[in-house]
Amino acid sequence: SQQGEEDPQALSIQEGENATMNCSYKTSINNLQWYRQNSGRGLVHLILIRSNEREKHSGRLRVTLDTSKKSSSLLITASRAADTASYFCATDGKYGNKLVFGAGTILRVKS
Amino acid sequence: EPEVTQTPSHQVTQMGQEVILRCVPISNHLYFYWYRQILGQKVEFLVSFYNNEISEKSEIFDDQFSVERPDGSNFTLKIRSTKLEDSAMYFCASSEDWWVDGPTNEKLFFGSGTQLSVL
């Protein structure tokens, strides 16, 4: 399976703190993406990092990718209560045309 | 920003009945997908669709499932004879076509989902 697997499964932090979520996967990829899902809603794309990139930033988000370890991390800096959601990593197979999602990390930011 | 729209938002059906879930992907997108998420579990790939045919499907997508793009805007998922275990949130998604050395995905745009409850 090429599925991404996130850890931790759940994370609870105070507003203003940083949140770090990790993702591991098993097969070669073209890119890895992170999505966010608010309760009962669809997934929203956050950031995409390609296999030849090591780090990428978007606003308060920082993503790293280590293809030798087949792992990625998502850092949310200066978290806000509105960041409370589930976060999923998703990988594509090198020759496939689908995204496979991990089980997700539930982030709760307390105000 | 353009959106993927799904209807209905909730669907309740009896076991053994047929259901059709409807989606309107973003108009200039060429790849279409169905995913599902059983409550509290991971988002599972069902099927991808490109150039009016299925390009890939998962083991979940058995003979009871079918997809169709009946016109230039709609994309539907049909479940012929629903089972209790089909109860889930079904998400439609679309993406632009983008080739590197082969088909590869850029970001997916997801609809808000249809919550299917099979009784």
# chains A, B, ... in the order shown; residues from 1 in each chain; ligands from 1
$ closest_atom_pairs --of "chain A" --to "chain B" --cutoff "9 Å" --atoms "only C-alpha atoms" --output "tab-separated table"
residue	atom	partner	partner_atom	distance
A:Asn30	CA	B:Thr104	CA	7.1
A:Asn31	CA	B:Asn105	CA	8.1
A:Gln33	CA	B:Lys107	CA	7.5
A:Gly40	CA	B:Ser112	CA	8.1
A:Arg41	CA	B:Ser112	CA	5.2
A:Gly42	CA	B:Ser112	CA	4.3
A:Leu43	CA	B:Phe110	CA	5.8
A:Val44	CA	B:Phe110	CA	6.8
A:His45	CA	B:Lys107	CA	6.5
A:Leu46	CA	B:Lys107	CA	8.9
A:Ile47	CA	B:Lys107	CA	8.3
A:Leu48	CA	B:Lys107	CA	7.3
A:Phe88	CA	B:Lys42	CA	8.8
A:Asp92	CA	B:Asn105	CA	6.9
A:Gly93	CA	B:Thr104	CA	8.3
A:Lys94	CA	B:Thr104	CA	7.6
A:Tyr95	CA	B:Gly102	CA	6.7
A:Gly96	CA	B:Thr104	CA	6.9
A:Asn97	CA	B:Thr104	CA	5.5
A:Lys98	CA	B:Ser48	CA	6.8
A:Leu99	CA	B:Asn105	CA	7.4
A:Val100	CA	B:Phe45	CA	6.6
A:Phe101	CA	B:Val43	CA	6.0
A:Gly102	CA	B:Lys42	CA	6.3
A:Ala103	CA	B:Lys42	CA	4.5
A:Gly104	CA	B:Lys42	CA	7.0
$ select_by_dssp --residues "chain B" --states "strand (DSSP E)" --output "MDAnalysis selection string"
chainID B and resid 5:7 10:13 19:24 31:37 43:50 53:57 65:68 75:79 88:95 109:110 114:118
$ write_last_selection --atoms "C-alpha atoms" --output "tab-separated table (two decimals), in the first residue's frame"
chain	number	residue	atom	x	y	z
B	5	THR	CA	-21.03	21.03	-6.06
B	6	GLN	CA	-22.71	17.86	-4.86
B	7	THR	CA	-26.37	16.99	-4.47
B	10	HIS	CA	-28.04	13.97	2.63
B	11	GLN	CA	-29.61	10.83	1.21
B	12	VAL	CA	-31.45	8.20	3.19
B	13	THR	CA	-32.34	4.97	1.46
B	19	VAL	CA	-29.11	5.62	-5.34
B	20	ILE	CA	-27.55	8.19	-7.62
B	21	LEU	CA	-25.22	10.77	-6.20
B	22	ARG	CA	-24.67	13.84	-8.33
B	23	CYS	CA	-21.72	16.13	-8.78
B	24	VAL	CA	-20.90	19.13	-10.92
B	31	TYR	CA	-10.13	14.40	-14.12
B	32	PHE	CA	-13.03	13.40	-11.88
B	33	TYR	CA	-13.06	11.25	-8.78
B	34	TRP	CA	-15.27	9.71	-6.17
B	35	TYR	CA	-14.01	9.10	-2.66
B	36	ARG	CA	-15.85	7.99	0.43
B	37	GLN	CA	-15.34	8.37	4.13
B	43	VAL	CA	-10.90	8.95	3.04
B	44	GLU	CA	-10.96	6.04	0.59
B	45	PHE	CA	-10.50	6.23	-3.16
B	46	LEU	CA	-13.30	4.70	-5.21
B	47	VAL	CA	-12.77	5.63	-8.84
B	48	SER	CA	-11.15	8.09	-11.21
B	49	PHE	CA	-12.60	9.10	-14.56
B	50	TYR	CA	-10.91	10.74	-17.53
B	53	GLU	CA	-13.93	6.38	-19.15
B	54	ILE	CA	-12.80	4.94	-15.85
B	55	SER	CA	-9.03	5.31	-15.56
B	56	GLU	CA	-8.62	3.59	-12.22
B	57	LYS	CA	-10.82	1.99	-9.58
B	65	PHE	CA	-21.03	0.83	-8.49
B	66	SER	CA	-20.99	2.77	-11.73
B	67	VAL	CA	-20.10	6.26	-12.82
B	68	GLU	CA	-21.33	8.35	-15.68
B	75	PHE	CA	-20.72	13.43	-12.99
B	76	THR	CA	-22.74	10.77	-11.20
B	77	LEU	CA	-22.09	7.80	-8.96
B	78	LYS	CA	-24.72	5.07	-8.96
B	79	ILE	CA	-24.99	2.32	-6.40
B	88	ALA	CA	-20.69	6.89	4.36
B	89	MET	CA	-19.96	10.41	3.23
B	90	TYR	CA	-19.29	10.37	-0.51
B	91	PHE	CA	-17.05	13.06	-1.94
B	92	CYS	CA	-16.71	14.07	-5.53
B	93	ALA	CA	-13.49	15.76	-6.62
B	94	SER	CA	-12.00	17.14	-9.80
B	95	SER	CA	-8.57	18.23	-10.97
B	109	PHE	CA	-10.94	20.21	-5.46
B	110	PHE	CA	-13.53	18.47	-3.31
B	114	THR	CA	-23.29	13.58	0.22
B	115	GLN	CA	-24.01	11.79	3.47
B	116	LEU	CA	-25.56	8.45	2.48
B	117	SER	CA	-27.43	6.53	5.14
B	118	VAL	CA	-28.60	3.03	4.25
$ closest_residue --among "A:Ile106, A:Ala90, A:Ala81, A:Leu75" --to "Asn22 (chain A)" --atoms "only C-alpha atoms"
A:Leu75
$ residues_around --residues "Glu53 (chain A)" --least-positions-apart "3" --cutoff "10 Å" --atoms "only C-alpha atoms" --output "list in words"
Asn31, Leu48, Ile49, Arg50, Lys56, Val63, Thr64, Leu65, Asp66 and Thr67 of chain A
$ atom_distance --atom1 "CA of Lys26 (chain A)" --atom2 "CA of Asn38 (chain A)"
26.8 Å
$ closest_residue --among "A:Ser79, A:Thr105, A:Ser111, A:Asn52" --to "Glu17 (chain A)" --atoms "only C-alpha atoms"
A:Ser79
$ atom_distance --atom1 "CA of Thr91 (chain A)" --atom2 "CA of Gln64 (chain B)"
27.1 Å
$ closest_residue --among "B:Arg69, B:Pro2, B:Leu84, B:Pro25" --to "Asn51 (chain B)" --atoms "only C-alpha atoms"
B:Arg69
$ atom_distance --atom1 "CA of Pro8 (chain B)" --atom2 "CA of Ser87 (chain B)"
14.4 Å
$ residues_around --residues "Asp7 (chain A)" --least-positions-apart "2" --cutoff "12 Å" --atoms "only C-alpha atoms" --output "short mmCIF file (atom, residue, chain, number, x, y, z; two decimals) with N, CA and C atoms, in the first residue's frame"
data_model
loop_
_atom_site.label_atom_id
_atom_site.label_comp_id
_atom_site.auth_asym_id
_atom_site.auth_seq_id
_atom_site.Cartn_x
_atom_site.Cartn_y
_atom_site.Cartn_z
N GLY A 4 -0.40 7.12 2.92
CA GLY A 4 0.26 7.91 3.94
C GLY A 4 -0.34 7.60 5.28
N GLU A 5 0.48 7.61 6.28
CA GLU A 5 0.00 7.39 7.63
C GLU A 5 0.48 8.55 8.47
N GLN A 9 -2.25 10.75 15.98
CA GLN A 9 -3.63 10.63 15.56
C GLN A 9 -4.44 11.83 16.02
N ALA A 10 -4.06 12.38 17.17
CA ALA A 10 -4.76 13.55 17.70
C ALA A 10 -3.76 14.44 18.40
N LEU A 11 -4.00 15.73 18.32
CA LEU A 11 -3.07 16.72 18.89
C LEU A 11 -3.90 17.86 19.45
N ALA A 19 1.98 23.60 15.75
CA ALA A 19 1.49 22.22 15.64
C ALA A 19 2.28 21.51 14.55
N THR A 20 2.79 20.34 14.87
CA THR A 20 3.54 19.55 13.89
C THR A 20 2.88 18.20 13.71
N MET A 21 2.62 17.87 12.46
CA MET A 21 2.03 16.57 12.11
C MET A 21 2.96 15.88 11.13
N ASN A 22 3.05 14.58 11.26
CA ASN A 22 3.96 13.81 10.43
C ASN A 22 3.20 12.82 9.57
N CYS A 23 3.82 12.47 8.47
CA CYS A 23 3.20 11.54 7.53
C CYS A 23 4.28 10.62 6.99
N SER A 24 3.99 9.33 6.93
CA SER A 24 4.91 8.40 6.30
C SER A 24 4.18 7.67 5.18
N TYR A 25 4.92 7.28 4.17
CA TYR A 25 4.31 6.58 3.04
C TYR A 25 5.26 5.48 2.59
N SER A 71 8.93 10.29 4.24
CA SER A 71 8.17 10.97 5.29
C SER A 71 8.05 12.45 4.98
N SER A 72 7.03 13.04 5.57
CA SER A 72 6.76 14.46 5.41
C SER A 72 6.25 15.00 6.74
N SER A 73 6.44 16.29 6.95
CA SER A 73 5.85 16.91 8.13
C SER A 73 5.17 18.20 7.73
N LEU A 74 4.11 18.50 8.44
CA LEU A 74 3.37 19.75 8.26
C LEU A 74 3.46 20.51 9.57
N SER A 86 -9.27 18.29 10.95
CA SER A 86 -8.46 17.10 10.66
C SER A 86 -7.55 17.41 9.50
N TYR A 87 -6.33 16.91 9.57
CA TYR A 87 -5.34 17.17 8.54
C TYR A 87 -4.88 15.83 7.96
N PHE A 88 -4.90 15.76 6.65
CA PHE A 88 -4.56 14.52 5.94
C PHE A 88 -3.41 14.75 4.98
N CYS A 89 -2.49 13.81 4.94
CA CYS A 89 -1.54 13.81 3.84
C CYS A 89 -2.07 12.87 2.75
N GLY A 102 -4.05 9.34 3.97
CA GLY A 102 -3.79 8.71 5.24
C GLY A 102 -4.98 8.84 6.17
N ALA A 103 -4.81 8.35 7.39
CA ALA A 103 -5.91 8.33 8.36
C ALA A 103 -6.15 9.69 9.00
N GLY A 104 -5.18 10.58 8.91
CA GLY A 104 -5.39 11.94 9.39
C GLY A 104 -4.97 12.19 10.82
N THR A 105 -4.70 13.44 11.10
CA THR A 105 -4.44 13.92 12.46
C THR A 105 -5.53 14.90 12.84
N ILE A 106 -6.16 14.65 13.97
CA ILE A 106 -7.19 15.58 14.47
C ILE A 106 -6.48 16.62 15.33
N LEU A 107 -6.55 17.86 14.89
CA LEU A 107 -5.91 18.96 15.62
C LEU A 107 -6.97 19.78 16.33
#
